[in-house]
file input-v1.pdb (PDB, C-alpha atoms)
ATOM      1  CA  MET A  11      17.370  26.530 -66.548
ATOM      2  CA  LYS A  12      20.431  25.681 -64.537
ATOM      3  CA  LEU A  13      20.146  25.775 -60.721
ATOM      4  CA  PRO A  14      23.123  26.928 -58.683
ATOM      5  CA  VAL A  15      25.096  24.112 -57.030
ATOM      6  CA  ARG A  16      24.762  25.763 -53.614
ATOM      7  CA  PHE A  17      20.952  25.703 -53.889
ATOM      8  CA  LEU A  18      20.993  22.025 -54.810
ATOM      9  CA  ILE A  19      23.267  21.145 -51.880
ATOM     10  CA  VAL A  20      21.146  23.099 -49.374
ATOM     11  CA  THR A  21      17.977  21.490 -50.706
ATOM     12  CA  PHE A  22      19.505  17.995 -50.541
ATOM     13  CA  VAL A  23      20.810  18.521 -46.969
ATOM     14  CA  THR A  24      17.410  19.885 -45.881
ATOM     15  CA  ILE A  25      15.549  16.867 -47.278
ATOM     16  CA  VAL A  26      17.988  14.370 -45.754
ATOM     17  CA  THR A  27      17.800  16.162 -42.377
ATOM     18  CA  GLU A  28      13.988  16.047 -42.423
ATOM     19  CA  ILE A  29      14.046  12.332 -43.226
ATOM     20  CA  ILE A  30      16.509  11.610 -40.414
ATOM     21  CA  LEU A  31      14.483  13.661 -37.923
ATOM     22  CA  SER A  32      11.260  11.925 -38.987
ATOM     23  CA  ILE A  33      12.848   8.505 -38.469
ATOM     24  CA  SER A  34      14.199   9.603 -35.081
ATOM     25  CA  VAL A  35      10.807  10.881 -33.905
ATOM     26  CA  TYR A  36       9.109   7.698 -35.127
ATOM     27  CA  ALA A  37      11.701   5.556 -33.340
ATOM     28  CA  GLN A  38      11.181   7.442 -30.077
ATOM     29  CA  ASN A  39       7.404   7.175 -30.371
ATOM     30  CA  SER A  40       7.515   3.415 -30.947
ATOM     31  CA  ASP A  41      10.344   2.540 -28.529
ATOM     32  CA  TRP A  42       9.002  -0.055 -26.053
ATOM     33  CA  ARG A  43      11.446   1.231 -23.405
ATOM     34  CA  ASN A  44       9.571   4.547 -23.290
ATOM     35  CA  ALA A  45       6.960   4.209 -20.505
ATOM     36  CA  GLU A  46       4.471   6.248 -22.514
ATOM     37  CA  ASN A  47       4.453   3.496 -25.157
ATOM     38  CA  GLY A  48       4.023   0.633 -22.731
ATOM     39  CA  THR A  49       1.021  -1.034 -21.188
ATOM     40  CA  SER A  50      -0.083  -0.723 -17.591
ATOM     41  CA  ILE A  51       0.583  -3.660 -15.293
ATOM     42  CA  TYR A  52      -2.196  -2.629 -12.908
ATOM     43  CA  SER A  53      -4.094   0.448 -11.802
ATOM     44  CA  ASN A  54      -5.546   0.859  -8.324
ATOM     45  CA  GLY A  55      -4.795   4.254  -6.825
ATOM     46  CA  TYR A  56      -1.177   3.811  -5.817
ATOM     47  CA  CYS A  57       1.138   1.349  -7.599
ATOM     48  CA  ASP A  58       4.907   1.473  -7.281
ATOM     49  CA  GLN A  59       8.167  -0.483  -7.023
ATOM     50  CA  PRO A  60       7.558  -3.079  -9.733
ATOM     51  CA  TYR A  61      10.241  -5.743  -9.855
ATOM     52  CA  VAL A  62      10.238  -8.441 -12.530
ATOM     53  CA  VAL A  63      12.033 -11.786 -12.569
ATOM     54  CA  ILE A  64      11.779 -14.570 -15.124
ATOM     55  CA  LEU A  65      10.419 -17.902 -13.924
ATOM     56  CA  PRO A  66      11.947 -21.213 -15.073
ATOM     57  CA  ASP A  67       9.096 -21.676 -17.584
ATOM     58  CA  GLY A  68       9.871 -18.279 -19.180
ATOM     59  CA  LYS A  69       6.911 -16.393 -17.702
ATOM     60  CA  TRP A  70       7.518 -12.960 -16.215
ATOM     61  CA  PHE A  71       6.772 -12.650 -12.489
ATOM     62  CA  CYS A  72       6.238  -9.141 -11.107
ATOM     63  CA  THR A  73       5.798  -7.879  -7.545
ATOM     64  CA  PHE A  74       4.729  -4.361  -6.638
ATOM     65  CA  THR A  75       3.292  -2.234  -3.848
ATOM     66  CA  THR A  76      -0.284  -1.035  -4.256
ATOM     67  CA  GLY A  77      -3.130   0.522  -2.318
ATOM     68  CA  ALA A  78      -6.396   2.346  -2.821
ATOM     69  CA  GLY A  79      -4.962   5.623  -1.487
ATOM     70  CA  VAL A  80      -1.818   7.551  -2.274
ATOM     71  CA  GLU A  81       1.766   6.567  -1.494
ATOM     72  CA  GLY A  82       2.394   6.053   2.208
ATOM     73  CA  THR A  83      -1.241   5.797   3.325
ATOM     74  CA  GLY A  84      -2.663   2.878   5.279
ATOM     75  CA  GLY A  85      -3.772  -0.237   3.476
ATOM     76  CA  GLN A  86      -0.688  -0.342   1.316
ATOM     77  CA  HIS A  87       0.141  -3.972   0.511
ATOM     78  CA  ILE A  88       2.159  -6.148  -1.853
ATOM     79  CA  VAL A  89       0.943  -8.274  -4.738
ATOM     80  CA  CYS A  90       2.278 -10.349  -7.612
ATOM     81  CA  THR A  91       1.195 -10.840 -11.205
ATOM     82  CA  ILE A  92       2.340 -12.969 -14.159
ATOM     83  CA  SER A  93       2.840 -12.221 -17.845
ATOM     84  CA  GLU A  94       3.020 -14.994 -20.433
ATOM     85  CA  ASN A  95       3.777 -12.596 -23.308
ATOM     86  CA  GLU A  96       6.767 -10.566 -22.072
ATOM     87  CA  GLY A  97       4.732  -7.859 -20.381
ATOM     88  CA  GLU A  98       2.033  -7.171 -22.950
ATOM     89  CA  THR A  99      -0.674  -8.425 -20.595
ATOM     90  CA  TRP A 100      -0.720  -9.389 -16.917
ATOM     91  CA  THR A 101      -2.860 -11.644 -14.745
ATOM     92  CA  GLU A 102      -5.073 -10.231 -12.023
ATOM     93  CA  PRO A 103      -2.779  -9.542  -9.029
ATOM     94  CA  VAL A 104      -2.538 -12.062  -6.193
ATOM     95  CA  LYS A 105      -2.175 -10.582  -2.702
ATOM     96  CA  ILE A 106       1.013 -11.586  -0.934
ATOM     97  CA  GLU A 107       0.021  -9.482   2.094
ATOM     98  CA  GLU A 108      -3.604  -8.458   2.575
ATOM     99  CA  PRO A 109      -4.440  -4.747   2.800
ATOM    100  CA  GLY A 110      -4.970  -3.701   6.390
ATOM    101  CA  PRO A 111      -3.866  -1.224   9.032
ATOM    102  CA  GLU A 112      -0.226  -2.415   8.816
ATOM    103  CA  SER A 113       1.560  -1.501   5.608
ATOM    104  CA  ALA A 114       3.605  -3.927   3.539
ATOM    105  CA  SER A 115       5.943  -2.410   0.943
ATOM    106  CA  TRP A 116       9.076  -2.727  -1.144
ATOM    107  CA  ALA A 117       8.659  -6.347  -2.289
ATOM    108  CA  MET A 118      11.738  -7.846  -3.943
ATOM    109  CA  PRO A 119      11.333 -11.235  -5.673
ATOM    110  CA  TYR A 120      13.987 -13.918  -5.949
ATOM    111  CA  VAL A 121      13.651 -17.150  -7.934
ATOM    112  CA  THR A 122      15.705 -20.187  -6.926
ATOM    113  CA  SER A 123      17.186 -22.662  -9.383
ATOM    114  CA  PHE A 124      14.429 -25.136  -8.432
ATOM    115  CA  GLY A 125      11.602 -22.629  -9.080
ATOM    116  CA  ARG A 126      10.656 -21.500  -5.577
ATOM    117  CA  VAL A 127       9.849 -17.777  -5.516
ATOM    118  CA  TYR A 128      10.813 -15.798  -2.428
ATOM    119  CA  VAL A 129       9.543 -12.270  -1.847
ATOM    120  CA  PHE A 130      11.382 -10.106   0.686
ATOM    121  CA  TYR A 131       9.623  -6.985   1.924
ATOM    122  CA  ASP A 132       9.046  -4.400   4.651
ATOM    123  CA  TYR A 133       6.117  -4.982   7.027
ATOM    124  CA  ASN A 134       4.970  -2.653   9.828
ATOM    125  CA  GLY A 135       4.648  -5.497  12.337
ATOM    126  CA  ASP A 136       5.271  -3.252  15.353
ATOM    127  CA  LYS A 137       2.173  -1.241  14.381
ATOM    128  CA  ILE A 138       3.970   2.106  14.453
ATOM    129  CA  HIS A 139       1.500   4.749  13.265
ATOM    130  CA  SER A 140       2.953   7.842  14.950
ATOM    131  CA  LEU A 141       6.297   9.086  16.249
ATOM    132  CA  ASP A 142       6.121  11.292  19.342
ATOM    133  CA  GLU A 143       3.511  13.911  18.452
ATOM    134  CA  ARG A 144       3.692  13.299  14.693
ATOM    135  CA  LYS A 145       0.732  11.539  13.123
ATOM    136  CA  ASN A 146       0.352  10.291   9.547
ATOM    137  CA  ILE A 147       3.988   9.253   9.291
ATOM    138  CA  ARG A 148       5.446   7.197   6.424
ATOM    139  CA  GLU A 149       4.857   3.875   8.145
ATOM    140  CA  ASP A 150       5.534   2.077   4.877
ATOM    141  CA  MET A 151       9.217   2.752   5.504
ATOM    142  CA  LEU A 152       9.273   1.219   8.985
ATOM    143  CA  GLY A 153       9.077  -2.233  10.343
ATOM    144  CA  TRP A 154      10.206  -5.762  10.052
ATOM    145  CA  TYR A 155      12.070  -7.270   7.152
ATOM    146  CA  CYS A 156       9.995 -10.289   6.158
ATOM    147  CA  TYR A 157       9.630 -12.902   3.485
ATOM    148  CA  ARG A 158       7.155 -15.375   2.115
ATOM    149  CA  TYR A 159       7.659 -18.042  -0.510
ATOM    150  CA  SER A 160       5.608 -19.739  -3.183
ATOM    151  CA  ASP A 161       6.170 -23.115  -4.817
ATOM    152  CA  ASN A 162       3.465 -22.581  -7.464
ATOM    153  CA  ALA A 163       4.544 -19.365  -9.229
ATOM    154  CA  GLY A 164       2.721 -17.040  -6.833
ATOM    155  CA  LYS A 165      -0.709 -18.648  -6.791
ATOM    156  CA  THR A 166      -0.431 -19.255  -3.026
ATOM    157  CA  TRP A 167       2.009 -18.031  -0.398
ATOM    158  CA  SER A 168       3.570 -19.387   2.771
ATOM    159  CA  GLU A 169       3.061 -17.771   6.134
ATOM    160  CA  ARG A 170       5.068 -14.609   6.858
ATOM    161  CA  TYR A 171       8.581 -15.116   8.231
ATOM    162  CA  ARG A 172      10.472 -12.333   9.973
ATOM    163  CA  LEU A 173      14.173 -11.887   9.394
ATOM    164  CA  ASP A 174      16.116 -10.650  12.386
ATOM    165  CA  VAL A 175      17.899  -7.387  11.756
ATOM    166  CA  ARG A 176      20.910  -6.718  13.909
ATOM    167  CA  LYS A 177      20.431  -3.849  16.356
ATOM    168  CA  THR A 178      23.411  -1.612  16.923
ATOM    169  CA  LYS A 179      24.111   1.098  19.454
ATOM    170  CA  SER A 180      23.217   4.566  18.250
TER     171      SER A 180
END

call {"tool": "encode", "arguments": {"input": "input-v1.pdb", "output": "structure tokens"}}
result
Amino acid sequence: MKLPVRFLIVTFVTIVTEIILSISVYAQNSDWRNAENGTSIYSNGYCDQPYVVILPDGKWFCTFTTGAGVEGTGGQHIVCTISENEGETWTEPVKIEEPGPESASWAMPYVTSFGRVYVFYDYNGDKIHSLDERKNIREDMLGWYCYRYSDNAGKTWSERYRLDVRKTKS
């Protein structure tokens, strides 16, 4: 029995298309860049703004904002963690700023050529918890621009230093 050429071509194209689509779906499902395929750095209510830098010894150093509540609530603070296997697992976070009534947020790490790690961040040092009659404001977006540094890959941190921000006329 001889099959028509058109039938053979359609069958071949269908099989090849299914193979290509299967490979594509598999690639998407196993792509490490897809957050659904990754591993969690940490889980504690609210976790956001992760920033990763590579330390001189090749370890990954990550800072992020976390807190027991939801984004923008009191007690928000900044921490750091280390990965020795390119993000597969992470150490228990070390507090850079302790949780408390004043929020600390938006930590940005910087590693010097000699290995000192600086973390620059926002800290509500003026203790602003309301504006006029408004309560429950986003105090995590207010405050001083501060930094701390570590000379031992984030195990311990210096005191908090405040960076002056120029005030301009409104």

call {"tool": "resolve_selection", "arguments": {"input": "input-v1.pdb", "expression": "the PyMOL selection byres ((chain A and resi 124-139) around 10)", "output": "JSON, numbers by chain"}}
result
{"A": [63, 65, 66, 67, 71, 73, 75, 84, 87, 88, 89, 90, 106, 107, 111, 112, 113, 114, 115, 116, 117, 118, 119, 120, 121, 122, 123, 140, 141, 144, 145, 146, 147, 148, 149, 150, 151, 152, 153, 154, 155, 156, 157, 158, 159, 160, 161, 162, 163, 164, 167, 168, 170, 171, 172, 173]}

call {"tool": "atom_distance", "arguments": {"input": "input-v1.pdb", "atom1": "CA of Val104 in chain A", "atom2": "CA of Ile51 in chain A"}}
result
12.8 Å

call {"tool": "atom_distance", "arguments": {"input": "input-v1.pdb", "atom1": "CA of Glu102 in chain A", "atom2": "CA of Tyr52 in chain A"}}
result
8.2 Å

call {"tool": "closest_residue", "arguments": {"input": "input-v1.pdb", "among": "A:Lys69, A:Glu108, A:Thr178, A:Ile92", "to": "Lys165 in chain A", "atoms": "all atoms listed in the file"}}
result
A:Ile92

call {"tool": "resolve_selection", "arguments": {"input": "input-v1.pdb", "expression": "the PyMOL selection byres ((chain A and resi 50) around 12)", "output": "mmCIF file with C-alpha atoms, in the coordinates of the input"}}
result
data_model
loop_
_atom_site.group_PDB
_atom_site.id
_atom_site.type_symbol
_atom_site.label_atom_id
_atom_site.label_comp_id
_atom_site.auth_asym_id
_atom_site.auth_seq_id
_atom_site.Cartn_x
_atom_site.Cartn_y
_atom_site.Cartn_z
ATOM 1 C CA ALA A 45 6.960 4.209 -20.505
ATOM 2 C CA GLU A 46 4.471 6.248 -22.514
ATOM 3 C CA ASN A 47 4.453 3.496 -25.157
ATOM 4 C CA GLY A 48 4.023 0.633 -22.731
ATOM 5 C CA THR A 49 1.021 -1.034 -21.188
ATOM 6 C CA ILE A 51 0.583 -3.660 -15.293
ATOM 7 C CA TYR A 52 -2.196 -2.629 -12.908
ATOM 8 C CA SER A 53 -4.094 0.448 -11.802
ATOM 9 C CA ASN A 54 -5.546 0.859 -8.324
ATOM 10 C CA CYS A 57 1.138 1.349 -7.599
ATOM 11 C CA ASP A 58 4.907 1.473 -7.281
ATOM 12 C CA PRO A 60 7.558 -3.079 -9.733
ATOM 13 C CA SER A 93 2.840 -12.221 -17.845
ATOM 14 C CA GLY A 97 4.732 -7.859 -20.381
ATOM 15 C CA GLU A 98 2.033 -7.171 -22.950
ATOM 16 C CA THR A 99 -0.674 -8.425 -20.595
ATOM 17 C CA TRP A 100 -0.720 -9.389 -16.917
ATOM 18 C CA THR A 101 -2.860 -11.644 -14.745
#

call {"tool": "atom_distance", "arguments": {"input": "input-v1.pdb", "atom1": "CA of Glu143 in chain A", "atom2": "CA of Thr83 in chain A"}}
result
17.8 Å

call {"tool": "closest_residue", "arguments": {"input": "input-v1.pdb", "among": "A:Gly82, A:Glu94, A:Arg43, A:Gly77", "to": "Ile64 in chain A", "atoms": "only C-alpha atoms"}}
result
A:Glu94
